[in-house]
Amino acid sequence: MKGIVFLGERKLEIMDFPDPTPGPGEVVLEIKASGMCGSDLKFYRPIGGAASMGLGKVSGPLIAGHEPCGVVAAVGAGVSEKQAKVGMRVMQHHYRGCGVCDHCNTGWRQLCVEGVKEVYGATGHGAHARYMKCPADTLVTLPEELSFETGAAISCGTGTAWGALHRLNLQADHTIAIFGQGPVGLSATQLASSMGARVIALDVSDQRLNRAKEFGADVLINPKTTENVVQAIKDATQGRGAHLSLDCSSSPQARQQAVQCVRTWGKACFVGEGDSVTLNVSNDILRRQVTIIGSWTFSTVGQAECARYIAERGIDVDKLFTRKWKLEQAKEAYEWFDAQSDGKGVINPS
Ligand SMILES: [Zn+2]
Ligand SMILES: [Zn+2]
């Protein structure tokens, strides 16, 4: 089979790999949709890829793609019918842990006490290929109502937005400022709006802001053309600031503003990967009783809950995708995504 491999420095190659066969406790998925996530750019751009993000070492060419969704194509020894049957529609929780520690047992394999052993698409073979091998206990059922594309989005970007909104305990009477309207930020806008909250969307691209409006944003702010972003958020909240904020941009300046823009007792959450932030501890945090939360994706349970919520409320997650690509178009697809001015892409590798 063919698989997309990031070489670093914005280069990629489509390479040949043997079709995988499942070992004990494993399955092979036939991938129907493999989403392009913002963090893929963190692996696509630098030399060293995932290793530069503290996710572990990579040895040899590695298939990218960490939003896997498809059907079970083969089942290994010792996998029960309840876990996986050929033809079952599934998403995949894209981490492998020890499988027995407290975190693995509660569905948080990325927090494994022994360290996450593989992040599929980053330090283990991912979903930008026709087939993908993984442990059966990393599968999450895809509800009948949802498309494979929606399942792919839930497998990282949209699920990450879901996880962050839950970490923030978002309520319907809250105003939330969401920095960055890429795939995660836009999902957060869509979900927060569906939960009844008022959304202030921020992005340096007017194109992305217009999409945020379509996805339910109430107030749009472009930091590029706004002199004082924090003041603009205060102006939109009767001088108080937002109840909550979420940084999906990874920009050090946006992170600072995300902390400064919340009201007293407010909460700011960071989900954007990489880079850093500088804060004045007394003025930005202590004096106003601000809580800062880090949120890394979601558990298998959270992923299933997110999927059920989207199915039951009929939320149009497919609308996130503005481009669909064939595997052979990988180069063009990532050059397009790298510009970060449009929506989300998905690769159909079959
Ligand atoms: Zn573990
Ligand atoms: Zn991701």
# chains A, B, ... in the order shown; residues from 1 in each chain; ligands from 1
>>> residues_around(residues="Met88 of chain A", least_positions_apart="3", cutoff="9 Å", atoms="only C-alpha atoms", output="short mmCIF file (atom, residue, chain, number, x, y, z; two decimals) with N, CA and C atoms, in the first residue's frame")
data_model
loop_
_atom_site.label_atom_id
_atom_site.label_comp_id
_atom_site.auth_asym_id
_atom_site.auth_seq_id
_atom_site.Cartn_x
_atom_site.Cartn_y
_atom_site.Cartn_z
N GLY A 70 -12.74 4.54 9.64
CA GLY A 70 -12.96 3.57 8.57
C GLY A 70 -13.74 2.37 9.06
N VAL A 71 -13.45 1.21 8.46
CA VAL A 71 -14.12 -0.03 8.87
C VAL A 71 -13.05 -1.07 9.23
N VAL A 72 -13.44 -1.97 10.13
CA VAL A 72 -12.52 -3.05 10.51
C VAL A 72 -12.39 -4.01 9.32
N ALA A 73 -11.13 -4.25 8.90
CA ALA A 73 -10.89 -5.09 7.73
C ALA A 73 -10.35 -6.47 8.12
N ALA A 84 -14.40 -5.88 18.28
CA ALA A 84 -14.28 -5.58 16.84
C ALA A 84 -14.75 -6.75 15.99
N LYS A 85 -15.51 -6.41 14.96
CA LYS A 85 -15.93 -7.40 13.96
C LYS A 85 -15.61 -6.81 12.59
N THR A 141 -16.67 3.23 18.51
CA THR A 141 -17.74 3.02 17.52
C THR A 141 -18.16 4.34 16.87
N LEU A 142 -18.32 4.30 15.56
CA LEU A 142 -18.84 5.47 14.83
C LEU A 142 -20.35 5.31 14.69
#
>>> select_by_dssp(residues="segment 33-227 of chain A", states="strand (DSSP E)", output="MDAnalysis selection string")
chainID A and resid 33:35 68:75 89:92 95:96 118:119 131:135 139:141 175:179 198:202 219:221
>>> residues_near_ligand(ligand="ligand 1", cutoff="12 Å", atoms="only C-alpha atoms and all ligand atoms", output="CSV table (one decimal) with N, CA and C atoms, in the first residue's frame")
chain,number,residue,atom,x,y,z
A,95,TYR,N,-3.7,6.8,20.2
A,95,TYR,CA,-2.6,6.6,21.1
A,95,TYR,C,-2.5,5.1,21.6
A,96,ARG,N,-1.3,4.7,21.8
A,96,ARG,CA,-1.1,3.4,22.4
A,96,ARG,C,-0.3,3.6,23.7
A,97,GLY,N,-0.8,3.0,24.8
A,97,GLY,CA,-0.2,3.1,26.1
A,97,GLY,C,0.1,1.7,26.6
A,98,CYS,N,0.4,1.5,27.9
A,98,CYS,CA,0.7,0.2,28.4
A,98,CYS,C,-0.5,-0.7,28.4
A,99,GLY,N,-1.7,0.0,28.5
A,99,GLY,CA,-3.0,-0.7,28.5
A,99,GLY,C,-3.5,-1.1,29.9
A,100,VAL,N,-2.6,-1.0,30.9
A,100,VAL,CA,-3.1,-1.5,32.2
A,100,VAL,C,-3.0,-0.4,33.4
A,101,CYS,N,-2.3,0.7,33.1
A,101,CYS,CA,-2.2,1.7,34.2
A,101,CYS,C,-3.5,2.5,34.4
A,102,ASP,N,-3.6,3.3,35.4
A,102,ASP,CA,-4.9,4.0,35.7
A,102,ASP,C,-5.3,4.8,34.6
A,103,HIS,N,-4.4,5.5,33.9
A,103,HIS,CA,-4.8,6.4,32.8
A,103,HIS,C,-5.3,5.6,31.6
A,104,CYS,N,-4.5,4.5,31.3
A,104,CYS,CA,-4.9,3.7,30.1
A,104,CYS,C,-6.3,3.1,30.4
A,105,ASN,N,-6.5,2.6,31.7
A,105,ASN,CA,-7.8,2.0,32.1
A,105,ASN,C,-8.9,2.9,32.0
A,106,THR,N,-8.7,4.2,32.1
A,106,THR,CA,-9.8,5.2,32.1
A,106,THR,C,-9.9,5.8,30.7
A,107,GLY,N,-9.2,5.3,29.7
A,107,GLY,CA,-9.4,5.7,28.3
A,107,GLY,C,-8.4,6.9,27.9
A,108,TRP,N,-7.4,7.2,28.8
A,108,TRP,CA,-6.5,8.3,28.5
A,108,TRP,C,-5.1,7.7,28.3
A,109,ARG,N,-5.0,6.9,27.1
A,109,ARG,CA,-3.7,6.3,26.9
A,109,ARG,C,-2.6,7.3,26.6
A,110,GLN,N,-3.0,8.5,26.2
A,110,GLN,CA,-1.9,9.5,25.9
A,110,GLN,C,-1.2,9.9,27.2
A,111,LEU,N,-1.9,9.6,28.4
A,111,LEU,CA,-1.3,10.0,29.6
A,111,LEU,C,-0.6,8.8,30.4
A,112,CYS,N,-0.5,7.7,29.7
A,112,CYS,CA,0.1,6.5,30.2
A,112,CYS,C,1.3,6.8,31.2
A,113,VAL,N,1.3,6.1,32.3
A,113,VAL,CA,2.4,6.4,33.3
A,113,VAL,C,3.7,6.0,32.8
A,114,GLU,N,3.7,5.1,31.8
A,114,GLU,CA,5.0,4.7,31.2
A,114,GLU,C,5.4,5.6,30.0
A,115,GLY,N,4.6,6.6,29.8
A,115,GLY,CA,4.8,7.5,28.6
A,115,GLY,C,4.0,6.9,27.5
A,116,VAL,N,3.5,7.7,26.6
A,116,VAL,CA,2.7,7.3,25.5
A,116,VAL,C,3.6,6.5,24.6
A,117,LYS,N,3.3,5.3,24.2
A,117,LYS,CA,4.2,4.4,23.5
A,117,LYS,C,4.2,4.8,22.0
A,118,GLU,N,3.0,5.1,21.5
A,118,GLU,CA,2.9,5.5,20.1
A,118,GLU,C,1.8,6.5,20.0
>>> atom_distance(atom1="atom CA of Met91 of chain A", atom2="atom CA of Ile310 of chain A")
14.0 Å
>>> closest_residue(among="A:Ser350, A:Ser341, A:Gln171, A:Thr160", to="ligand 2", atoms="only C-alpha atoms and all ligand atoms")
A:Thr160
>>> closest_residue(among="A:Gln83, A:Arg130, A:Leu279, A:Gly274", to="Ala50 of chain A", atoms="only C-alpha atoms")
A:Gly274
>>> closest_atom_pairs(of="chain A", to="ligand 2", cutoff="8 Å", atoms="only C-alpha atoms and all ligand atoms", output="Markdown table")
| residue | atom | partner | partner_atom_place_in_ligand_line | distance |
| --- | --- | --- | --- | --- |
| A:Met36 | CA | ligand 2 | 1 (Zn) | 7.8 |
| A:Cys37 | CA | ligand 2 | 1 (Zn) | 4.6 |
| A:Gly38 | CA | ligand 2 | 1 (Zn) | 6.1 |
| A:Ser39 | CA | ligand 2 | 1 (Zn) | 4.9 |
| A:Asp40 | CA | ligand 2 | 1 (Zn) | 6.6 |
| A:His66 | CA | ligand 2 | 1 (Zn) | 6.3 |
| A:Glu67 | CA | ligand 2 | 1 (Zn) | 6.9 |
| A:Ser155 | CA | ligand 2 | 1 (Zn) | 7.9 |
| A:Cys156 | CA | ligand 2 | 1 (Zn) | 4.6 |
| A:Gly157 | CA | ligand 2 | 1 (Zn) | 5.4 |
| A:Thr160 | CA | ligand 2 | 1 (Zn) | 7.7 |
| A:Thr297 | CA | ligand 2 | 1 (Zn) | 7.9 |
>>> write_last_selection(atoms="C-alpha atoms", output="PDB file, in the first residue's frame")
ATOM      1  CA  MET A  36      -5.844  16.763   8.233  1.00  0.00           C
ATOM      2  CA  CYS A  37      -5.356  18.249  11.701  1.00  0.00           C
ATOM      3  CA  GLY A  38      -3.642  21.540  12.552  1.00  0.00           C
ATOM      4  CA  SER A  39      -1.012  19.660  14.526  1.00  0.00           C
ATOM      5  CA  ASP A  40      -0.034  17.795  11.362  1.00  0.00           C
ATOM      6  CA  HIS A  66      -3.859  10.974  13.191  1.00  0.00           C
ATOM      7  CA  GLU A  67      -7.588  11.319  12.486  1.00  0.00           C
ATOM      8  CA  SER A 155     -10.768  11.593  16.112  1.00  0.00           C
ATOM      9  CA  CYS A 156      -8.677  14.697  16.781  1.00  0.00           C
ATOM     10  CA  GLY A 157      -9.677  18.254  15.853  1.00  0.00           C
ATOM     11  CA  THR A 160     -10.082  18.229  21.023  1.00  0.00           C
ATOM     12  CA  THR A 297      -7.255  15.946  23.294  1.00  0.00           C
TER      13      THR A 297
END
>>> select_by_dssp(residues="segment 130-239 of chain A", states="alpha helix (DSSP H)", output="PyMOL selection string")
chain A and resi 148-154+157-167+183-194+206-214+229-235
>>> write_last_selection(atoms="N, CA and C atoms", output="tab-separated table (two decimals), in the first residue's frame")
chain	number	residue	atom	x	y	z
A	148	PHE	N	-17.96	9.08	7.59
A	148	PHE	CA	-16.55	8.79	7.93
A	148	PHE	C	-15.76	10.08	8.11
A	149	GLU	N	-16.11	11.10	7.34
A	149	GLU	CA	-15.40	12.39	7.46
A	149	GLU	C	-15.63	13.00	8.85
A	150	THR	N	-16.88	12.98	9.29
A	150	THR	CA	-17.18	13.50	10.64
A	150	THR	C	-16.43	12.68	11.69
A	151	GLY	N	-16.40	11.37	11.50
A	151	GLY	CA	-15.67	10.51	12.44
A	151	GLY	C	-14.19	10.87	12.49
A	152	ALA	N	-13.63	11.18	11.32
A	152	ALA	CA	-12.22	11.57	11.28
A	152	ALA	C	-12.01	12.86	12.06
A	153	ALA	N	-12.89	13.82	11.88
A	153	ALA	CA	-12.76	15.10	12.60
A	153	ALA	C	-12.83	14.88	14.11
A	154	ILE	N	-13.76	14.02	14.53
A	154	ILE	CA	-13.91	13.76	15.97
A	154	ILE	C	-12.65	13.07	16.52
A	157	GLY	N	-9.33	16.83	15.77
A	157	GLY	CA	-9.68	18.25	15.85
A	157	GLY	C	-10.96	18.57	16.62
A	158	THR	N	-12.06	17.99	16.17
A	158	THR	CA	-13.35	18.30	16.80
A	158	THR	C	-13.41	17.71	18.21
A	159	GLY	N	-12.85	16.52	18.38
A	159	GLY	CA	-12.79	15.92	19.72
A	159	GLY	C	-11.98	16.77	20.69
A	160	THR	N	-10.92	17.37	20.19
A	160	THR	CA	-10.08	18.23	21.02
A	160	THR	C	-10.86	19.46	21.47
A	161	ALA	N	-11.64	20.02	20.57
A	161	ALA	CA	-12.50	21.16	20.92
A	161	ALA	C	-13.51	20.74	21.99
A	162	TRP	N	-14.11	19.59	21.79
A	162	TRP	CA	-15.07	19.02	22.75
A	162	TRP	C	-14.41	18.86	24.14
A	163	GLY	N	-13.23	18.26	24.14
A	163	GLY	CA	-12.51	18.03	25.40
A	163	GLY	C	-12.22	19.33	26.14
A	164	ALA	N	-11.82	20.35	25.40
A	164	ALA	CA	-11.47	21.64	26.02
A	164	ALA	C	-12.71	22.32	26.60
A	165	LEU	N	-13.82	22.27	25.87
A	165	LEU	CA	-15.05	22.91	26.37
A	165	LEU	C	-15.52	22.22	27.65
A	166	HIS	N	-15.29	20.93	27.74
A	166	HIS	CA	-15.64	20.21	28.97
A	166	HIS	C	-14.69	20.54	30.10
A	167	ARG	N	-13.40	20.68	29.79
A	167	ARG	CA	-12.43	21.08	30.82
A	167	ARG	C	-12.80	22.47	31.36
A	183	PRO	N	-9.25	24.35	12.15
A	183	PRO	CA	-10.16	23.22	12.38
A	183	PRO	C	-10.60	23.04	13.84
A	184	VAL	N	-9.69	23.22	14.79
A	184	VAL	CA	-10.06	23.04	16.21
A	184	VAL	C	-10.89	24.22	16.70
A	185	GLY	N	-10.42	25.44	16.41
A	185	GLY	CA	-11.14	26.63	16.86
A	185	GLY	C	-12.54	26.73	16.27
A	186	LEU	N	-12.65	26.37	15.00
A	186	LEU	CA	-13.95	26.43	14.33
A	186	LEU	C	-14.90	25.38	14.91
A	187	SER	N	-14.35	24.21	15.21
A	187	SER	CA	-15.15	23.18	15.88
A	187	SER	C	-15.61	23.67	17.24
A	188	ALA	N	-14.73	24.34	17.97
A	188	ALA	CA	-15.08	24.86	19.29
A	188	ALA	C	-16.19	25.90	19.15
A	189	THR	N	-16.09	26.74	18.12
A	189	THR	CA	-17.13	27.73	17.87
A	189	THR	C	-18.47	27.04	17.59
A	190	GLN	N	-18.43	26.02	16.74
A	190	GLN	CA	-19.65	25.30	16.38
A	190	GLN	C	-20.26	24.60	17.60
A	191	LEU	N	-19.43	23.92	18.38
A	191	LEU	CA	-19.94	23.17	19.53
A	191	LEU	C	-20.42	24.11	20.64
A	192	ALA	N	-19.62	25.14	20.95
A	192	ALA	CA	-19.99	26.08	22.02
A	192	ALA	C	-21.30	26.78	21.68
A	193	SER	N	-21.44	27.14	20.43
A	193	SER	CA	-22.66	27.80	19.99
A	193	SER	C	-23.85	26.83	20.11
A	194	SER	N	-23.63	25.58	19.74
A	194	SER	CA	-24.72	24.59	19.84
A	194	SER	C	-25.12	24.33	21.29
A	206	ASP	N	-9.70	37.04	7.57
A	206	ASP	CA	-11.12	37.40	7.46
A	206	ASP	C	-11.94	36.26	6.87
A	207	GLN	N	-11.30	35.49	5.99
A	207	GLN	CA	-11.96	34.34	5.39
A	207	GLN	C	-12.38	33.35	6.49
A	208	ARG	N	-11.46	33.10	7.41
A	208	ARG	CA	-11.77	32.18	8.51
A	208	ARG	C	-12.82	32.78	9.46
A	209	LEU	N	-12.76	34.10	9.65
A	209	LEU	CA	-13.76	34.75	10.52
A	209	LEU	C	-15.16	34.64	9.92
A	210	ASN	N	-15.25	34.79	8.60
A	210	ASN	CA	-16.55	34.67	7.95
A	210	ASN	C	-17.13	33.27	8.13
A	211	ARG	N	-16.23	32.29	8.08
A	211	ARG	CA	-16.69	30.92	8.32
A	211	ARG	C	-17.14	30.76	9.77
A	212	ALA	N	-16.41	31.37	10.67
A	212	ALA	CA	-16.78	31.29	12.10
A	212	ALA	C	-18.20	31.82	12.31
A	213	LYS	N	-18.55	32.86	11.59
A	213	LYS	CA	-19.90	33.42	11.69
A	213	LYS	C	-20.94	32.38	11.23
A	214	GLU	N	-20.63	31.72	10.13
A	214	GLU	CA	-21.52	30.65	9.64
A	214	GLU	C	-21.66	29.51	10.65
A	229	VAL	N	-6.84	44.12	21.36
A	229	VAL	CA	-7.71	42.94	21.30
A	229	VAL	C	-8.43	42.71	22.62
A	230	VAL	N	-7.70	42.83	23.72
A	230	VAL	CA	-8.30	42.59	25.04
A	230	VAL	C	-9.43	43.60	25.30
A	231	GLN	N	-9.17	44.85	24.93
A	231	GLN	CA	-10.20	45.89	25.10
A	231	GLN	C	-11.42	45.59	24.23
A	232	ALA	N	-11.17	45.11	23.01
A	232	ALA	CA	-12.29	44.78	22.10
A	232	ALA	C	-13.17	43.69	22.72
A	233	ILE	N	-12.55	42.73	23.38
A	233	ILE	CA	-13.32	41.66	24.04
A	233	ILE	C	-14.09	42.23	25.24
A	234	LYS	N	-13.44	43.13	25.97
A	234	LYS	CA	-14.14	43.78	27.10
A	234	LYS	C	-15.32	44.61	26.59
A	235	ASP	N	-15.09	45.30	25.48
A	235	ASP	CA	-16.16	46.12	24.91
A	235	ASP	C	-17.37	45.27	24.52
>>> atom_distance(atom1="atom CA of Glu26 of chain A", atom2="atom CA of Tyr131 of chain A")
12.9 Å
>>> residues_around(residues="segment 5-12 of chain A", least_positions_apart="6", cutoff="9 Å", atoms="only C-alpha atoms", output="mmCIF file with C-alpha atoms, in the first residue's frame")
data_model
loop_
_atom_site.group_PDB
_atom_site.id
_atom_site.type_symbol
_atom_site.label_atom_id
_atom_site.label_comp_id
_atom_site.auth_asym_id
_atom_site.auth_seq_id
_atom_site.Cartn_x
_atom_site.Cartn_y
_atom_site.Cartn_z
ATOM 1 C CA LEU A 41 1.570 21.083 10.349
ATOM 2 C CA PHE A 43 5.021 17.511 12.145
ATOM 3 C CA TYR A 44 5.140 18.630 8.487
ATOM 4 C CA ARG A 45 7.103 21.836 9.006
ATOM 5 C CA PRO A 46 10.094 21.201 11.297
ATOM 6 C CA ILE A 47 13.058 18.891 11.022
ATOM 7 C CA GLY A 48 12.482 16.117 13.542
ATOM 8 C CA GLY A 49 8.684 16.222 13.277
ATOM 9 C CA PRO A 61 9.709 6.492 7.500
ATOM 10 C CA LEU A 62 6.390 6.889 9.243
ATOM 11 C CA ILE A 63 2.884 7.142 7.777
ATOM 12 C CA ALA A 64 1.242 10.422 8.816
ATOM 13 C CA HIS A 128 -2.779 8.469 5.566
ATOM 14 C CA ALA A 330 -0.890 14.696 -0.737
ATOM 15 C CA LYS A 331 1.691 17.250 -1.809
ATOM 16 C CA TYR A 334 -0.476 19.910 2.495
ATOM 17 C CA GLU A 335 0.740 22.954 0.581
ATOM 18 C CA ASP A 338 0.029 24.988 5.214
#
>>> residues_around(residues="Gln329 of chain A", least_positions_apart="4", cutoff="12 Å", atoms="only C-alpha atoms", output="ChimeraX atom specification")
/A:3-4,12-14,128,323-325,333-336,345-349
>>> write_last_selection(atoms="N, CA and C atoms", output="short mmCIF file (atom, residue, chain, number, x, y, z; two decimals), in the first residue's frame")
data_model
loop_
_atom_site.label_atom_id
_atom_site.label_comp_id
_atom_site.auth_asym_id
_atom_site.auth_seq_id
_atom_site.Cartn_x
_atom_site.Cartn_y
_atom_site.Cartn_z
N GLY A 3 1.63 5.12 1.43
CA GLY A 3 1.42 5.91 2.64
C GLY A 3 2.13 7.25 2.51
N ILE A 4 1.52 8.28 3.11
CA ILE A 4 2.10 9.63 3.07
C ILE A 4 3.08 9.79 4.22
N LEU A 12 7.11 16.12 1.67
CA LEU A 12 6.52 14.82 1.95
C LEU A 12 6.72 13.91 0.76
N GLU A 13 6.54 12.62 1.01
CA GLU A 13 6.71 11.64 -0.04
C GLU A 13 5.64 10.56 0.11
N ILE A 14 5.17 10.05 -1.01
CA ILE A 14 4.27 8.89 -0.96
C ILE A 14 5.14 7.66 -1.15
N HIS A 128 -2.90 7.99 6.95
CA HIS A 128 -2.78 8.47 5.57
C HIS A 128 -2.31 7.32 4.67
N ARG A 323 -12.10 20.87 1.56
CA ARG A 323 -11.41 20.17 0.48
C ARG A 323 -11.30 18.68 0.80
N LYS A 324 -11.53 17.87 -0.23
CA LYS A 324 -11.33 16.42 -0.11
C LYS A 324 -10.26 16.02 -1.10
N TRP A 325 -9.32 15.22 -0.65
CA TRP A 325 -8.16 14.88 -1.47
C TRP A 325 -8.01 13.37 -1.60
N ALA A 333 -2.24 18.89 -1.26
CA ALA A 333 -3.12 19.01 -0.09
C ALA A 333 -2.41 19.70 1.08
N TYR A 334 -1.18 19.31 1.35
CA TYR A 334 -0.48 19.91 2.50
C TYR A 334 0.06 21.31 2.18
N GLU A 335 0.36 21.58 0.93
CA GLU A 335 0.74 22.95 0.58
C GLU A 335 -0.45 23.89 0.79
N TRP A 336 -1.63 23.40 0.41
CA TRP A 336 -2.86 24.18 0.62
C TRP A 336 -3.12 24.38 2.12
N GLY A 345 -9.10 19.85 5.58
CA GLY A 345 -9.04 18.90 4.49
C GLY A 345 -9.15 17.47 5.01
N VAL A 346 -9.53 16.58 4.12
CA VAL A 346 -9.59 15.16 4.48
C VAL A 346 -9.05 14.34 3.31
N ILE A 347 -8.35 13.29 3.63
CA ILE A 347 -7.77 12.43 2.60
C ILE A 347 -8.52 11.11 2.58
N ASN A 348 -8.93 10.71 1.39
CA ASN A 348 -9.54 9.40 1.21
C ASN A 348 -8.51 8.50 0.56
N PRO A 349 -7.93 7.58 1.33
CA PRO A 349 -6.80 6.82 0.80
C PRO A 349 -7.19 5.56 0.04
#
>>> decode(residues="segment 123-205 of chain A", atoms="C-alpha atoms", output="compact mmCIF listing (two decimals), in the first residue's frame")
# COMPACT_ATOMS: atom_id res chain seq x y z
CA THR A 123 5.43 8.25 16.26
CA GLY A 124 3.54 5.20 14.93
CA HIS A 125 2.06 4.50 11.47
CA GLY A 126 -1.06 6.60 10.99
CA ALA A 127 -4.08 6.80 8.73
CA HIS A 128 -2.78 8.47 5.57
CA ALA A 129 -2.76 5.04 3.90
CA ARG A 130 -5.32 2.47 2.81
CA TYR A 131 -4.78 0.29 5.90
CA MET A 132 -3.79 0.97 9.48
CA LYS A 133 -2.97 -1.50 12.25
CA CYS A 134 -3.85 -0.70 15.89
CA PRO A 135 -4.87 -2.35 19.18
CA ALA A 136 -8.55 -3.33 19.20
CA ASP A 137 -9.07 -1.45 22.46
CA THR A 138 -8.28 1.88 20.77
CA LEU A 139 -11.41 1.66 18.60
CA VAL A 140 -14.43 3.86 19.24
CA THR A 141 -17.74 3.02 17.52
CA LEU A 142 -18.84 5.47 14.83
CA PRO A 143 -22.60 6.09 15.17
CA GLU A 144 -24.60 5.12 12.05
CA GLU A 145 -25.76 8.72 11.55
CA LEU A 146 -22.22 10.05 11.15
CA SER A 147 -20.13 10.07 7.99
CA PHE A 148 -16.55 8.79 7.93
CA GLU A 149 -15.40 12.39 7.46
CA THR A 150 -17.18 13.50 10.64
CA GLY A 151 -15.67 10.51 12.44
CA ALA A 152 -12.22 11.57 11.28
CA ALA A 153 -12.76 15.10 12.60
CA ILE A 154 -13.91 13.76 15.97
CA SER A 155 -10.77 11.59 16.11
CA CYS A 156 -8.68 14.70 16.78
CA GLY A 157 -9.68 18.25 15.85
CA THR A 158 -13.35 18.30 16.80
CA GLY A 159 -12.79 15.92 19.72
CA THR A 160 -10.08 18.23 21.02
CA ALA A 161 -12.50 21.16 20.92
CA TRP A 162 -15.07 19.02 22.75
CA GLY A 163 -12.51 18.03 25.40
CA ALA A 164 -11.47 21.64 26.02
CA LEU A 165 -15.05 22.91 26.37
CA HIS A 166 -15.64 20.21 28.97
CA ARG A 167 -12.43 21.08 30.82
CA LEU A 168 -13.74 24.67 30.91
CA ASN A 169 -17.21 23.58 32.12
CA LEU A 170 -18.82 25.75 29.47
CA GLN A 171 -22.40 26.76 30.25
CA ALA A 172 -25.13 28.28 28.10
CA ASP A 173 -24.93 31.65 29.87
CA HIS A 174 -21.18 31.96 29.26
CA THR A 175 -19.38 34.12 26.74
CA ILE A 176 -16.27 32.38 25.41
CA ALA A 177 -13.48 33.98 23.36
CA ILE A 178 -11.97 31.48 20.92
CA PHE A 179 -8.55 32.43 19.51
CA GLY A 180 -7.78 30.86 16.12
CA GLN A 181 -10.51 29.59 13.80
CA GLY A 182 -8.65 26.72 12.17
CA PRO A 183 -10.16 23.22 12.38
CA VAL A 184 -10.06 23.04 16.21
CA GLY A 185 -11.14 26.63 16.86
CA LEU A 186 -13.95 26.43 14.33
CA SER A 187 -15.15 23.18 15.88
CA ALA A 188 -15.08 24.86 19.29
CA THR A 189 -17.13 27.73 17.87
CA GLN A 190 -19.65 25.30 16.38
CA LEU A 191 -19.94 23.17 19.53
CA ALA A 192 -19.99 26.08 22.02
CA SER A 193 -22.66 27.80 19.99
CA SER A 194 -24.72 24.59 19.84
CA MET A 195 -24.48 24.39 23.64
CA GLY A 196 -26.04 27.85 23.89
CA ALA A 197 -22.94 29.90 24.72
CA ARG A 198 -22.10 33.27 23.17
CA VAL A 199 -18.94 33.03 21.06
CA ILE A 200 -16.36 35.73 20.33
CA ALA A 201 -14.27 34.36 17.46
CA LEU A 202 -10.77 35.68 16.71
CA ASP A 203 -8.56 35.02 13.70
CA VAL A 204 -6.08 36.96 11.58
CA SER A 205 -7.84 35.72 8.41
